[in-house]
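So this one's run36.cif, mmCIF, C-alpha atoms (C1' of nucleotides):
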data_target
#
loop_
_atom_site.label_atom_id
_atom_site.label_comp_id
_atom_site.auth_asym_id
_atom_site.auth_seq_id
_atom_site.Cartn_x
_atom_site.Cartn_y
_atom_site.Cartn_z
CA MET B 1 30.42 7.44 12.78
CA ASP B 2 27.60 8.67 14.98
CA ASP B 3 26.08 10.94 12.41
CA LEU B 4 22.50 10.88 11.32
CA SER B 5 23.06 9.37 7.91
CA PHE B 6 24.86 6.42 9.37
CA LEU B 7 22.16 5.78 11.92
CA ILE B 8 19.48 6.08 9.31
CA ALA B 9 21.31 3.67 7.03
CA ARG B 10 21.59 1.14 9.78
CA ALA B 11 17.98 1.43 10.85
CA ASN B 12 16.98 1.06 7.23
CA ALA B 13 18.97 -2.12 6.74
CA GLN B 14 17.26 -3.57 9.79
CA SER B 15 13.85 -2.53 8.54
CA ILE B 16 14.32 -4.12 5.17
CA ALA B 17 15.65 -7.36 6.60
CA ALA B 18 12.87 -7.65 9.16
CA GLY B 19 10.28 -6.55 6.63
CA ASN B 20 11.31 -9.01 3.96
CA ALA B 21 11.37 -11.78 6.54
CA ALA B 22 7.86 -10.93 7.69
CA LEU B 23 6.59 -10.70 4.11
CA ALA B 24 8.24 -13.86 2.83
CA GLU B 25 5.29 -16.06 3.77
CA PHE B 26 3.12 -13.94 1.49
CA GLY B 27 5.52 -14.19 -1.42
CA LEU B 28 6.19 -10.47 -1.14
CA LYS B 29 9.16 -8.23 -0.48
CA VAL B 30 9.17 -4.72 0.92
CA ARG B 31 9.18 -3.37 -2.62
CA SER B 32 6.31 -5.40 -3.99
CA TYR B 33 4.33 -4.88 -0.79
CA SER B 34 4.73 -1.11 -1.13
CA VAL B 35 3.46 -1.19 -4.67
CA LEU B 36 0.58 -3.46 -3.70
CA THR B 37 -0.36 -1.11 -0.88
CA LEU B 38 -0.37 1.91 -3.14
CA ALA B 39 -2.43 -0.01 -5.69
CA ALA B 40 -4.99 -0.80 -3.00
CA ALA B 41 -5.48 2.88 -2.19
CA GLU B 42 -8.10 5.21 -3.60
CA PRO B 43 -7.75 6.75 -6.02
CA ARG B 44 -5.75 4.08 -7.78
CA PRO B 45 -2.35 5.43 -8.80
CA SER B 46 -0.65 5.48 -12.15
CA GLN B 47 2.76 3.87 -12.54
CA ARG B 48 4.32 7.29 -12.67
CA GLU B 49 2.75 8.18 -9.34
CA ILE B 50 3.99 4.95 -7.82
CA ALA B 51 7.48 5.64 -9.13
CA GLU B 52 7.41 9.15 -7.75
CA PHE B 53 6.14 8.18 -4.35
CA LEU B 54 8.58 5.32 -3.88
CA ARG B 55 11.42 7.19 -5.58
CA LEU B 56 11.91 4.45 -8.09
CA ASP B 57 12.77 4.61 -11.74
CA PRO B 58 9.62 4.15 -13.85
CA SER B 59 11.20 1.09 -15.43
CA GLN B 60 11.44 -0.57 -12.05
CA VAL B 61 7.73 -0.05 -11.51
CA VAL B 62 7.04 -1.82 -14.78
CA ALA B 63 8.73 -4.94 -13.47
CA LEU B 64 7.09 -4.75 -10.06
CA VAL B 65 3.61 -4.36 -11.51
CA ASP B 66 4.30 -7.17 -13.99
CA GLU B 67 5.15 -9.40 -11.08
CA LEU B 68 2.06 -8.52 -9.06
CA GLN B 69 -0.11 -8.92 -12.10
CA ARG B 70 1.33 -12.32 -12.93
CA ALA B 71 0.60 -13.34 -9.34
CA GLY B 72 -3.00 -12.28 -9.80
CA LEU B 73 -2.75 -9.54 -7.19
CA ALA B 74 -2.76 -6.33 -9.20
CA THR B 75 -4.69 -4.99 -12.16
CA ARG B 76 -3.38 -2.69 -14.87
CA GLU B 77 -5.78 -0.76 -17.07
CA PRO B 78 -5.19 2.14 -19.40
CA ASP B 79 -6.50 5.35 -17.86
CA PRO B 80 -9.54 6.42 -19.91
CA ARG B 81 -8.67 10.04 -19.22
CA ASP B 82 -5.09 9.69 -20.42
CA ARG B 83 -4.47 6.62 -22.46
CA ARG B 84 -0.71 6.96 -22.06
CA ALA B 85 -1.04 6.12 -18.38
CA ASN B 86 -1.96 2.88 -16.66
CA VAL B 87 -4.20 2.78 -13.63
CA ILE B 88 -2.91 0.22 -11.16
CA GLY B 89 -5.36 -1.46 -8.82
CA VAL B 90 -5.75 -4.67 -6.87
CA THR B 91 -7.75 -7.84 -7.38
CA LEU B 92 -9.82 -9.27 -4.55
CA ALA B 93 -6.96 -11.64 -3.79
CA GLY B 94 -4.57 -8.71 -3.85
CA ARG B 95 -6.60 -6.70 -1.39
CA ASP B 96 -6.88 -9.64 0.93
CA LEU B 97 -3.19 -10.41 0.78
CA GLN B 98 -2.32 -6.79 1.35
CA ARG B 99 -4.35 -6.71 4.55
CA HIS B 100 -2.72 -9.81 5.96
CA ALA B 101 0.72 -8.63 4.93
CA GLN B 102 0.11 -5.24 6.51
CA ARG B 103 -0.72 -6.83 9.83
CA ALA B 104 2.33 -9.09 9.70
CA LEU B 105 4.52 -6.16 8.82
CA ALA B 106 3.19 -3.99 11.64
CA ARG B 107 3.81 -6.84 14.06
CA ALA B 108 7.38 -7.28 12.82
CA GLU B 109 8.05 -3.59 13.07
CA ARG B 110 6.78 -3.32 16.63
CA GLU B 111 9.02 -6.22 17.49
CA LEU B 112 12.02 -4.72 15.74
CA ARG B 113 11.54 -1.36 17.42
CA ALA B 114 10.64 -2.82 20.78
CA ASP B 115 13.31 -0.79 22.53
CA LEU B 116 11.31 2.32 21.87
CA THR B 117 8.19 3.20 23.79
CA ASP B 118 5.05 4.01 21.84
CA ALA B 119 5.65 7.68 22.49
CA GLU B 120 9.20 7.41 21.21
CA ARG B 121 8.09 5.62 18.07
CA THR B 122 5.58 8.36 17.42
CA MET B 123 8.19 11.01 18.04
CA LEU B 124 10.60 9.25 15.70
CA ALA B 125 7.98 9.01 12.97
CA ASP B 126 7.12 12.69 13.37
CA LEU B 127 10.72 13.78 13.11
CA LEU B 128 11.34 11.58 10.10
CA ARG B 129 8.23 12.83 8.39
CA LYS B 130 9.34 16.36 8.96
CA THR B 131 12.77 15.82 7.41
CA ALA B 132 11.87 13.24 4.77
CA PHE B 133 9.14 15.33 3.18
CA ALA B 134 10.75 18.74 3.20
CA MET Z 1 2.29 3.94 4.01
CA ASP Z 2 3.15 6.24 6.88
CA ASP Z 3 4.90 3.61 8.91
CA LEU Z 4 8.34 3.90 10.34
CA SER Z 5 10.10 1.65 7.87
CA PHE Z 6 8.80 3.63 4.95
CA LEU Z 7 9.91 6.92 6.46
CA ILE Z 8 13.30 5.50 7.30
CA ALA Z 9 13.72 4.17 3.78
CA ARG Z 10 12.91 7.54 2.34
CA ALA Z 11 15.20 9.44 4.67
CA ASN Z 12 17.93 6.97 3.85
CA ALA Z 13 17.60 7.47 0.12
CA GLN Z 14 17.93 11.20 0.67
CA SER Z 15 20.97 10.75 2.89
CA ILE Z 16 22.78 8.59 0.39
CA ALA Z 17 22.05 10.91 -2.50
CA ALA Z 18 23.11 14.02 -0.59
CA GLY Z 19 26.09 12.21 0.94
CA ASN Z 20 27.42 10.90 -2.34
CA ALA Z 21 27.02 14.33 -3.88
CA ALA Z 22 28.96 15.93 -1.04
CA LEU Z 23 31.69 13.29 -1.20
CA ALA Z 24 32.09 13.26 -4.96
CA GLU Z 25 34.72 15.99 -4.94
CA PHE Z 26 36.86 13.75 -2.75
CA GLY Z 27 36.46 10.75 -5.01
CA LEU Z 28 34.52 8.99 -2.28
CA LYS Z 29 31.06 7.59 -1.83
CA VAL Z 30 29.17 7.01 1.40
CA ARG Z 31 30.45 3.45 1.47
CA SER Z 32 34.11 4.15 0.93
CA TYR Z 33 33.91 7.12 3.29
CA SER Z 34 32.52 4.90 6.01
CA VAL Z 35 35.33 2.42 5.59
CA LEU Z 36 37.90 5.20 5.54
CA THR Z 37 36.46 6.66 8.71
CA LEU Z 38 36.58 3.33 10.51
CA ALA Z 39 40.14 2.81 9.29
CA ALA Z 40 41.11 6.17 10.75
CA ALA Z 41 39.88 5.18 14.21
CA GLU Z 42 41.87 3.69 17.04
CA PRO Z 43 42.29 0.85 17.40
CA ARG Z 44 42.46 0.12 13.72
CA PRO Z 45 39.80 -2.39 12.72
CA SER Z 46 40.11 -5.69 10.92
CA GLN Z 47 38.12 -6.26 7.75
CA ARG Z 48 35.78 -8.53 9.66
CA GLU Z 49 35.10 -5.76 12.15
CA ILE Z 50 34.42 -3.31 9.35
CA ALA Z 51 32.05 -5.79 7.73
CA GLU Z 52 30.24 -6.37 10.99
CA PHE Z 53 29.91 -2.72 11.85
CA LEU Z 54 28.68 -1.68 8.42
CA ARG Z 55 26.62 -4.85 8.00
CA LEU Z 56 28.39 -5.73 4.79
CA ASP Z 57 29.47 -9.06 3.42
CA PRO Z 58 33.20 -9.58 4.06
CA SER Z 59 33.74 -9.85 0.33
CA GLN Z 60 32.41 -6.34 -0.16
CA VAL Z 61 34.93 -5.04 2.33
CA VAL Z 62 37.71 -6.61 0.31
CA ALA Z 63 36.74 -4.52 -2.70
CA LEU Z 64 36.30 -1.34 -0.69
CA VAL Z 65 39.68 -1.66 1.00
CA ASP Z 66 41.29 -2.53 -2.34
CA GLU Z 67 39.91 0.68 -3.74
CA LEU Z 68 41.07 2.85 -0.84
CA GLN Z 69 44.46 1.21 -0.91
CA ARG Z 70 44.87 1.76 -4.64
CA ALA Z 71 44.01 5.41 -4.05
CA GLY Z 72 46.77 5.61 -1.45
CA LEU Z 73 44.34 6.35 1.36
CA ALA Z 74 44.28 3.13 3.38
CA THR Z 75 46.85 0.64 4.60
CA ARG Z 76 46.37 -3.10 4.98
CA GLU Z 77 48.73 -5.09 7.14
CA PRO Z 78 48.46 -8.60 8.49
CA ASP Z 79 47.68 -8.50 12.19
CA PRO Z 80 50.78 -9.75 14.01
CA ARG Z 81 48.54 -11.24 16.68
CA ASP Z 82 46.41 -13.15 14.19
CA ARG Z 83 47.92 -13.47 10.79
CA ARG Z 84 44.61 -14.48 9.26
CA ALA Z 85 43.34 -10.99 9.84
CA ASN Z 86 44.27 -7.70 8.21
CA VAL Z 87 44.59 -4.50 10.16
CA ILE Z 88 43.16 -1.62 8.15
CA GLY Z 89 44.52 1.86 8.75
CA VAL Z 90 44.95 5.13 6.94
CA THR Z 91 47.86 6.86 5.26
CA LEU Z 92 48.60 10.50 5.99
CA ALA Z 93 46.73 11.41 2.83
CA GLY Z 94 43.86 9.19 3.94
CA ARG Z 95 43.58 10.85 7.31
CA ASP Z 96 43.67 14.27 5.74
CA LEU Z 97 41.05 13.41 3.16
CA GLN Z 98 38.82 11.83 5.80
CA ARG Z 99 38.85 15.03 7.84
CA HIS Z 100 37.91 17.19 4.90
CA ALA Z 101 35.26 14.73 3.77
CA GLN Z 102 33.82 14.58 7.25
CA ARG Z 103 33.38 18.31 7.34
CA ALA Z 104 31.79 18.38 3.89
CA LEU Z 105 29.45 15.58 4.85
CA ALA Z 106 28.39 17.25 8.08
CA ARG Z 107 27.69 20.43 6.17
CA ALA Z 108 25.61 18.57 3.58
CA GLU Z 109 23.70 16.79 6.28
CA ARG Z 110 22.85 19.94 8.15
CA GLU Z 111 21.64 21.37 4.90
CA LEU Z 112 19.59 18.30 4.03
CA ARG Z 113 18.02 18.22 7.48
CA ALA Z 114 17.57 21.97 7.69
CA ASP Z 115 13.89 21.58 8.49
CA LEU Z 116 14.84 20.19 11.87
CA THR Z 117 16.15 22.33 14.67
CA ASP Z 118 19.42 21.33 16.32
CA ALA Z 119 17.44 19.91 19.22
CA GLU Z 120 15.27 17.88 16.88
CA ARG Z 121 18.28 16.52 15.04
CA THR Z 122 19.78 15.46 18.35
CA MET Z 123 16.52 13.87 19.40
CA LEU Z 124 16.28 12.03 16.10
CA ALA Z 125 19.82 10.73 16.42
CA ASP Z 126 19.16 9.58 19.97
CA LEU Z 127 16.02 7.70 19.01
CA LEU Z 128 17.70 6.08 16.04
CA ARG Z 129 20.68 5.08 18.11
CA LYS Z 130 18.38 3.50 20.64
CA THR Z 131 16.57 1.40 18.07
CA ALA Z 132 19.43 0.75 15.66
CA PHE Z 133 21.77 -0.65 18.29
CA ALA Z 134 19.41 -2.80 20.31
"C1'" DA U 1 51.64 -32.65 19.84
"C1'" DC U 2 48.03 -33.64 16.88
"C1'" DA U 3 43.55 -33.78 14.22
"C1'" DG U 4 39.67 -31.46 13.24
"C1'" DA U 5 36.70 -27.50 13.76
"C1'" DA U 6 36.46 -22.71 13.32
"C1'" DT U 7 37.87 -18.10 11.63
"C1'" DA U 8 39.68 -14.31 8.30
"C1'" DC U 9 40.19 -13.15 3.96
"C1'" DT U 10 39.75 -13.79 -1.01
"C1'" DT U 11 37.71 -15.03 -5.44
"C1'" DG U 12 34.12 -15.75 -8.55
"C1'" DA U 13 29.34 -16.59 -9.85
"C1'" DA U 14 24.49 -15.60 -9.66
"C1'" DC U 15 21.15 -12.50 -8.64
"C1'" DT U 16 18.93 -8.08 -7.44
"C1'" DT U 17 18.84 -3.06 -7.75
"C1'" DG U 18 19.80 1.35 -9.67
"C1'" DT U 19 20.43 4.30 -13.64
"C1'" DC U 20 20.08 5.78 -18.24
"C1'" DA U 21 19.03 6.24 -23.12
"C1'" DA U 22 15.95 5.25 -26.82
"C1'" DT U 23 11.18 4.25 -28.63
"C1'" DG U 24 6.10 4.33 -29.45
"C1'" DA U 25 1.81 6.07 -28.12
"C1'" DT U 26 -0.65 9.82 -26.55
"C1'" DT U 27 -1.53 14.40 -24.90
"C1'" DG U 28 -0.89 19.47 -24.32
"C1'" DA U 29 0.58 23.95 -26.01
"C1'" DA U 30 1.82 27.50 -29.44
"C1'" DT C 1 -1.65 21.34 -37.04
"C1'" DT C 2 2.91 20.81 -35.59
"C1'" DC C 3 6.18 20.55 -31.86
"C1'" DA C 4 7.31 19.58 -27.32
"C1'" DA C 5 6.27 17.07 -23.28
"C1'" DT C 6 4.62 12.96 -20.82
"C1'" DC C 7 3.82 7.82 -19.72
"C1'" DA C 8 5.08 3.35 -20.19
"C1'" DT C 9 8.22 0.03 -21.95
"C1'" DT C 10 12.50 -2.17 -23.33
"C1'" DG C 11 17.24 -3.10 -23.17
"C1'" DA C 12 21.88 -2.19 -21.73
"C1'" DC C 13 24.93 -1.50 -18.19
"C1'" DA C 14 26.90 -0.31 -13.55
"C1'" DA C 15 26.55 -1.09 -8.72
"C1'" DG C 16 25.26 -3.69 -4.83
"C1'" DT C 17 24.02 -8.15 -2.47
"C1'" DT C 18 24.44 -12.87 -1.39
"C1'" DC C 19 26.54 -17.38 -1.50
"C1'" DA C 20 29.71 -21.13 -2.02
"C1'" DA C 21 34.30 -22.66 -2.31
"C1'" DG C 22 39.33 -22.25 -1.34
"C1'" DT C 23 43.66 -20.93 1.28
"C1'" DA C 24 45.93 -19.69 5.33
"C1'" DT C 25 45.86 -19.51 10.04
"C1'" DT C 26 44.28 -20.19 14.76
"C1'" DC C 27 41.69 -22.57 18.30
"C1'" DT C 28 39.83 -26.79 20.75
"C1'" DG C 29 39.89 -31.13 22.73
"C1'" DT C 30 42.34 -35.12 23.45
#
As structure tokens, how would this structure be written, given the file I've shared?
Amino acid sequence: MDDLSFLIARANAQSIAAGNAALAEFGLKVRSYSVLTLAAAEPRPSQREIAEFLRLDPSQVVALVDELQRAGLATREPDPRDRRANVIGVTLAGRDLQRHAQRALARAERELRADLTDAERTMLADLLRKTAFA
Amino acid sequence: MDDLSFLIARANAQSIAAGNAALAEFGLKVRSYSVLTLAAAEPRPSQREIAEFLRLDPSQVVALVDELQRAGLATREPDPRDRRANVIGVTLAGRDLQRHAQRALARAERELRADLTDAERTMLADLLRKTAFA
DNA sequence: ACAGAATACTTGAACTTGTCAATGATTGAA
DNA sequence: TTCAATCATTGACAAGTTCAAGTATTCTGT
């Protein structure tokens, strides 16, 4: 039971729990926060790009964007260059909330991973990046 | 989006997908394999201990043990020392299957994490262990 | 010894997530 | 221009999570 996949699974469960707890005060979850963050980036992504990046089914992205839009945080416009696609962006409120949520999340993560030094956290991130984007 | 939790989530999704694929030929999934592996250990765990270790709700463990038992892989006996609790173990077939599945899983994992050297994999496991069992 | 709190498992319900197939609109390619 | 591919959407369904309630058993304090 000391294999990589098990350790990763456990660390992930902790991340999600801590993340959702930290995001609760913003009315967000890890999922909706991720979508909001991508929507706040430039260039604004399409739903397909969001789905691809987060490894979600496109139909899940529909629901997530619906939710953010209803909350007045995200915008959804047809892409003028490809009218099949929607361009997802953020409202002013969305951008503001994203910033606050990002800070809260970073704080929660540092707390959760407090047993690692800064150097170890960096090392861990590097290794994960190397294997997770192969 | 390059924070630890995101990377962990992504690596986890890959692990589960690759793990389930590798375990399919044994009729197992990552979940049932984990329970089977714990059941094969000494001393044999109770369902509560399995739930705690895998961070599952006790009711989920009921279903998982049911499944393994129906497949003739796991045994479930009341603990003579505490008749509220069940002691979960493995049958001969269960032990045998666990061994084969373990090998297949290790192989799949090495393959999935092939972009890391052995030393890096060890380092990654050490870091995860340090943060996941704080 | 006894009552009451606590624990282990089980069941079932509600809810969230994950997966898939089908559809309409639009675009790209032969 | 026609045919295939792509993007978003919907709806159906399986799988996973979380909770509350119930039974049996054990533990605690008197």
Closest contacts (chain C/chain B, max 9 Å, only C-alpha atoms (C1' of nucleotides)) as a Markdown table:
| residue | atom | partner | partner_atom | distance |
| --- | --- | --- | --- | --- |
| C:DT6 | C1' | B:Arg84 | CA | 8.1 |
| C:DC7 | C1' | B:Arg84 | CA | 5.2 |
| C:DA8 | C1' | B:Ala85 | CA | 7.0 |
| C:DT9 | C1' | B:Ser59 | CA | 7.2 |
| C:DT10 | C1' | B:Ser59 | CA | 8.6 |
(message) Give me the residues near DC2 (chain U) as a VMD selection string, where near means some atom within 12 Å (using only C-alpha atoms (C1' of nucleotides)) and where sequence neighbours in that chain fewer than 2 positions away do not count.
(response) (chain U and resid 4) or (chain C and resid 28 to 30)
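When only C-alpha atoms are used to compute distances to chain B, the closest of the residues Z:Val87, Z:Leu54, Z:Leu64, Z:Ala40 turns out to be Z:Leu54.
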Which residues are close to Leu28 (chain Z), i.e. within 12 Å by only C-alpha atoms (C1' of nucleotides), leaving aside same-chain residues fewer than 6 positions away? Reply as an mmCIF file with C-alpha atoms, in the frame of the given file.
data_model
loop_
_atom_site.group_PDB
_atom_site.id
_atom_site.type_symbol
_atom_site.label_atom_id
_atom_site.label_comp_id
_atom_site.auth_asym_id
_atom_site.auth_seq_id
_atom_site.Cartn_x
_atom_site.Cartn_y
_atom_site.Cartn_z
ATOM 1 C CA GLY Z 19 26.090 12.210 0.940
ATOM 2 C CA ASN Z 20 27.420 10.900 -2.340
ATOM 3 C CA ALA Z 21 27.020 14.330 -3.880
ATOM 4 C CA ALA Z 22 28.960 15.930 -1.040
ATOM 5 C CA SER Z 34 32.520 4.900 6.010
ATOM 6 C CA VAL Z 35 35.330 2.420 5.590
ATOM 7 C CA LEU Z 36 37.900 5.200 5.540
ATOM 8 C CA THR Z 37 36.460 6.660 8.710
ATOM 9 C CA LEU Z 64 36.300 -1.340 -0.690
ATOM 10 C CA GLU Z 67 39.910 0.680 -3.740
ATOM 11 C CA LEU Z 68 41.070 2.850 -0.840
ATOM 12 C CA ALA Z 71 44.010 5.410 -4.050
ATOM 13 C CA LEU Z 73 44.340 6.350 1.360
ATOM 14 C CA GLY Z 94 43.860 9.190 3.940
ATOM 15 C CA LEU Z 97 41.050 13.410 3.160
ATOM 16 C CA GLN Z 98 38.820 11.830 5.800
ATOM 17 C CA HIS Z 100 37.910 17.190 4.900
ATOM 18 C CA ALA Z 101 35.260 14.730 3.770
ATOM 19 C CA GLN Z 102 33.820 14.580 7.250
ATOM 20 C CA ALA Z 104 31.790 18.380 3.890
ATOM 21 C CA LEU Z 105 29.450 15.580 4.850
#
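Put simply, the PyMOL selection byres ((chain U) within 12 of (chain Z)) in this file takes in DT7, DA8, DC9, DT10, DT11, DG12 and DG18 of chain U.
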(request) Step by step, work through what the PyMOL selection byres ((chain Z) within 7 of (chain B)) selects in the shown file, and finish by giving those residues as a VMD selection string. (result) chain Z and resid 4 to 5 7 to 12 15 113 115 to 116 124 to 125 127 to 132 134
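Across the structure, C1' of DA15 (chain C) and CA of Asp66 (chain B) are spaced 23.7 Å apart.
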Superposed chain Z (on chain B, all in-order C-alpha pairs) as a short mmCIF file (atom, residue, chain, number, x, y, z; two decimals) with C-alpha atoms, in the coordinates of the input:
data_model
loop_
_atom_site.label_atom_id
_atom_site.label_comp_id
_atom_site.auth_asym_id
_atom_site.auth_seq_id
_atom_site.Cartn_x
_atom_site.Cartn_y
_atom_site.Cartn_z
CA MET Z 1 30.39 7.82 12.47
CA ASP Z 2 27.53 8.75 14.75
CA ASP Z 3 25.90 11.08 12.30
CA LEU Z 4 22.31 10.96 11.25
CA SER Z 5 22.85 9.45 7.83
CA PHE Z 6 24.78 6.56 9.27
CA LEU Z 7 22.11 5.84 11.85
CA ILE Z 8 19.39 6.08 9.25
CA ALA Z 9 21.26 3.72 6.95
CA ARG Z 10 21.61 1.20 9.71
CA ALA Z 11 18.00 1.42 10.80
CA ASN Z 12 16.98 1.03 7.19
CA ALA Z 13 19.00 -2.12 6.70
CA GLN Z 14 17.31 -3.58 9.76
CA SER Z 15 13.87 -2.57 8.52
CA ILE Z 16 14.36 -4.17 5.14
CA ALA Z 17 15.71 -7.38 6.58
CA ALA Z 18 12.93 -7.68 9.16
CA GLY Z 19 10.31 -6.56 6.63
CA ASN Z 20 11.31 -9.03 3.96
CA ALA Z 21 11.37 -11.80 6.54
CA ALA Z 22 7.87 -10.91 7.71
CA LEU Z 23 6.57 -10.68 4.14
CA ALA Z 24 8.18 -13.85 2.85
CA GLU Z 25 5.22 -16.02 3.80
CA PHE Z 26 3.07 -13.87 1.52
CA GLY Z 27 5.46 -14.13 -1.38
CA LEU Z 28 6.16 -10.43 -1.10
CA LYS Z 29 9.14 -8.24 -0.41
CA VAL Z 30 9.19 -4.71 0.97
CA ARG Z 31 9.22 -3.37 -2.57
CA SER Z 32 6.34 -5.36 -3.96
CA TYR Z 33 4.38 -4.80 -0.75
CA SER Z 34 4.79 -1.07 -1.11
CA VAL Z 35 3.51 -1.15 -4.65
CA LEU Z 36 0.62 -3.38 -3.65
CA THR Z 37 -0.29 -1.03 -0.84
CA LEU Z 38 -0.29 1.99 -3.12
CA ALA Z 39 -2.36 0.07 -5.66
CA ALA Z 40 -4.92 -0.69 -2.96
CA ALA Z 41 -5.39 3.01 -2.18
CA GLU Z 42 -7.98 5.36 -3.59
CA PRO Z 43 -7.63 6.88 -6.02
CA ARG Z 44 -5.67 4.18 -7.75
CA PRO Z 45 -2.25 5.46 -8.79
CA SER Z 46 -0.57 5.49 -12.16
CA GLN Z 47 2.82 3.85 -12.55
CA ARG Z 48 4.42 7.27 -12.71
CA GLU Z 49 2.85 8.18 -9.39
CA ILE Z 50 4.08 4.96 -7.84
CA ALA Z 51 7.57 5.62 -9.17
CA GLU Z 52 7.53 9.15 -7.82
CA PHE Z 53 6.24 8.20 -4.42
CA LEU Z 54 8.66 5.33 -3.93
CA ARG Z 55 11.50 7.20 -5.64
CA LEU Z 56 11.99 4.43 -8.15
CA ASP Z 57 12.84 4.56 -11.81
CA PRO Z 58 9.68 4.09 -13.90
CA SER Z 59 11.23 1.01 -15.44
CA GLN Z 60 11.47 -0.63 -12.04
CA VAL Z 61 7.78 -0.07 -11.51
CA VAL Z 62 7.06 -1.88 -14.75
CA ALA Z 63 8.74 -5.01 -13.41
CA LEU Z 64 7.09 -4.76 -10.01
CA VAL Z 65 3.61 -4.36 -11.46
CA ASP Z 66 4.29 -7.18 -13.92
CA GLU Z 67 5.13 -9.40 -11.00
CA LEU Z 68 2.05 -8.48 -8.97
CA GLN Z 69 -0.14 -8.88 -12.01
CA ARG Z 70 1.27 -12.30 -12.82
CA ALA Z 71 0.54 -13.29 -9.23
CA GLY Z 72 -3.06 -12.20 -9.69
CA LEU Z 73 -2.77 -9.46 -7.08
CA ALA Z 74 -2.77 -6.26 -9.12
CA THR Z 75 -4.70 -4.92 -12.09
CA ARG Z 76 -3.36 -2.66 -14.82
CA GLU Z 77 -5.75 -0.73 -17.00
CA PRO Z 78 -5.14 2.14 -19.37
CA ASP Z 79 -6.44 5.35 -17.85
CA PRO Z 80 -9.47 6.40 -19.89
CA ARG Z 81 -8.58 10.03 -19.25
CA ASP Z 82 -5.01 9.63 -20.47
CA ARG Z 83 -4.39 6.53 -22.45
CA ARG Z 84 -0.64 6.87 -22.08
CA ALA Z 85 -0.99 6.09 -18.42
CA ASN Z 86 -1.91 2.87 -16.64
CA VAL Z 87 -4.14 2.81 -13.61
CA ILE Z 88 -2.85 0.27 -11.11
CA GLY Z 89 -5.32 -1.37 -8.76
CA VAL Z 90 -5.74 -4.55 -6.80
CA THR Z 91 -7.75 -7.72 -7.29
CA LEU Z 92 -9.83 -9.12 -4.46
CA ALA Z 93 -7.00 -11.50 -3.69
CA GLY Z 94 -4.58 -8.58 -3.78
CA ARG Z 95 -6.58 -6.55 -1.32
CA ASP Z 96 -6.90 -9.50 1.00
CA LEU Z 97 -3.21 -10.31 0.86
CA GLN Z 98 -2.29 -6.66 1.41
CA ARG Z 99 -4.33 -6.56 4.61
CA HIS Z 100 -2.74 -9.67 6.01
CA ALA Z 101 0.72 -8.52 4.98
CA GLN Z 102 0.15 -5.15 6.55
CA ARG Z 103 -0.69 -6.72 9.86
CA ALA Z 104 2.33 -9.03 9.72
CA LEU Z 105 4.58 -6.12 8.85
CA ALA Z 106 3.27 -3.95 11.67
CA ARG Z 107 3.83 -6.80 14.08
CA ALA Z 108 7.40 -7.32 12.84
CA GLU Z 109 8.10 -3.63 13.09
CA ARG Z 110 6.86 -3.35 16.63
CA GLU Z 111 9.05 -6.27 17.48
CA LEU Z 112 12.08 -4.82 15.73
CA ARG Z 113 11.61 -1.46 17.42
CA ALA Z 114 10.71 -2.94 20.78
CA ASP Z 115 13.38 -0.89 22.51
CA LEU Z 116 11.32 2.21 21.86
CA THR Z 117 8.18 3.02 23.76
CA ASP Z 118 5.02 3.75 21.80
CA ALA Z 119 5.56 7.44 22.43
CA GLU Z 120 9.12 7.24 21.17
CA ARG Z 121 8.06 5.40 18.04
CA THR Z 122 5.49 8.10 17.37
CA MET Z 123 8.06 10.80 17.98
CA LEU Z 124 10.50 9.09 15.64
CA ALA Z 125 7.89 8.80 12.92
CA ASP Z 126 6.96 12.45 13.31
CA LEU Z 127 10.55 13.62 13.04
CA LEU Z 128 11.22 11.43 10.04
CA ARG Z 129 8.07 12.60 8.33
CA LYS Z 130 9.11 16.18 8.89
CA THR Z 131 12.52 15.70 7.33
CA ALA Z 132 11.65 13.11 4.70
CA PHE Z 133 8.86 15.14 3.14
CA ALA Z 134 10.38 18.59 3.11
#
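We find C1' of DT18 (chain C) and CA of Pro78 (chain Z) to be spaced 26.3 Å apart.
Interatomic distance, C1' of DT26 (chain C) to CA of Leu56 (chain Z): 23.7 Å.
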(message) Using all atoms listed in the file, which protein or nucleic acid residues come within 12 Å of DC15 (chain U)? Drop anything in the same chain fewer than 4 positions from it, and give the result as a VMD selection string.
(response) chain C and resid 16 to 19
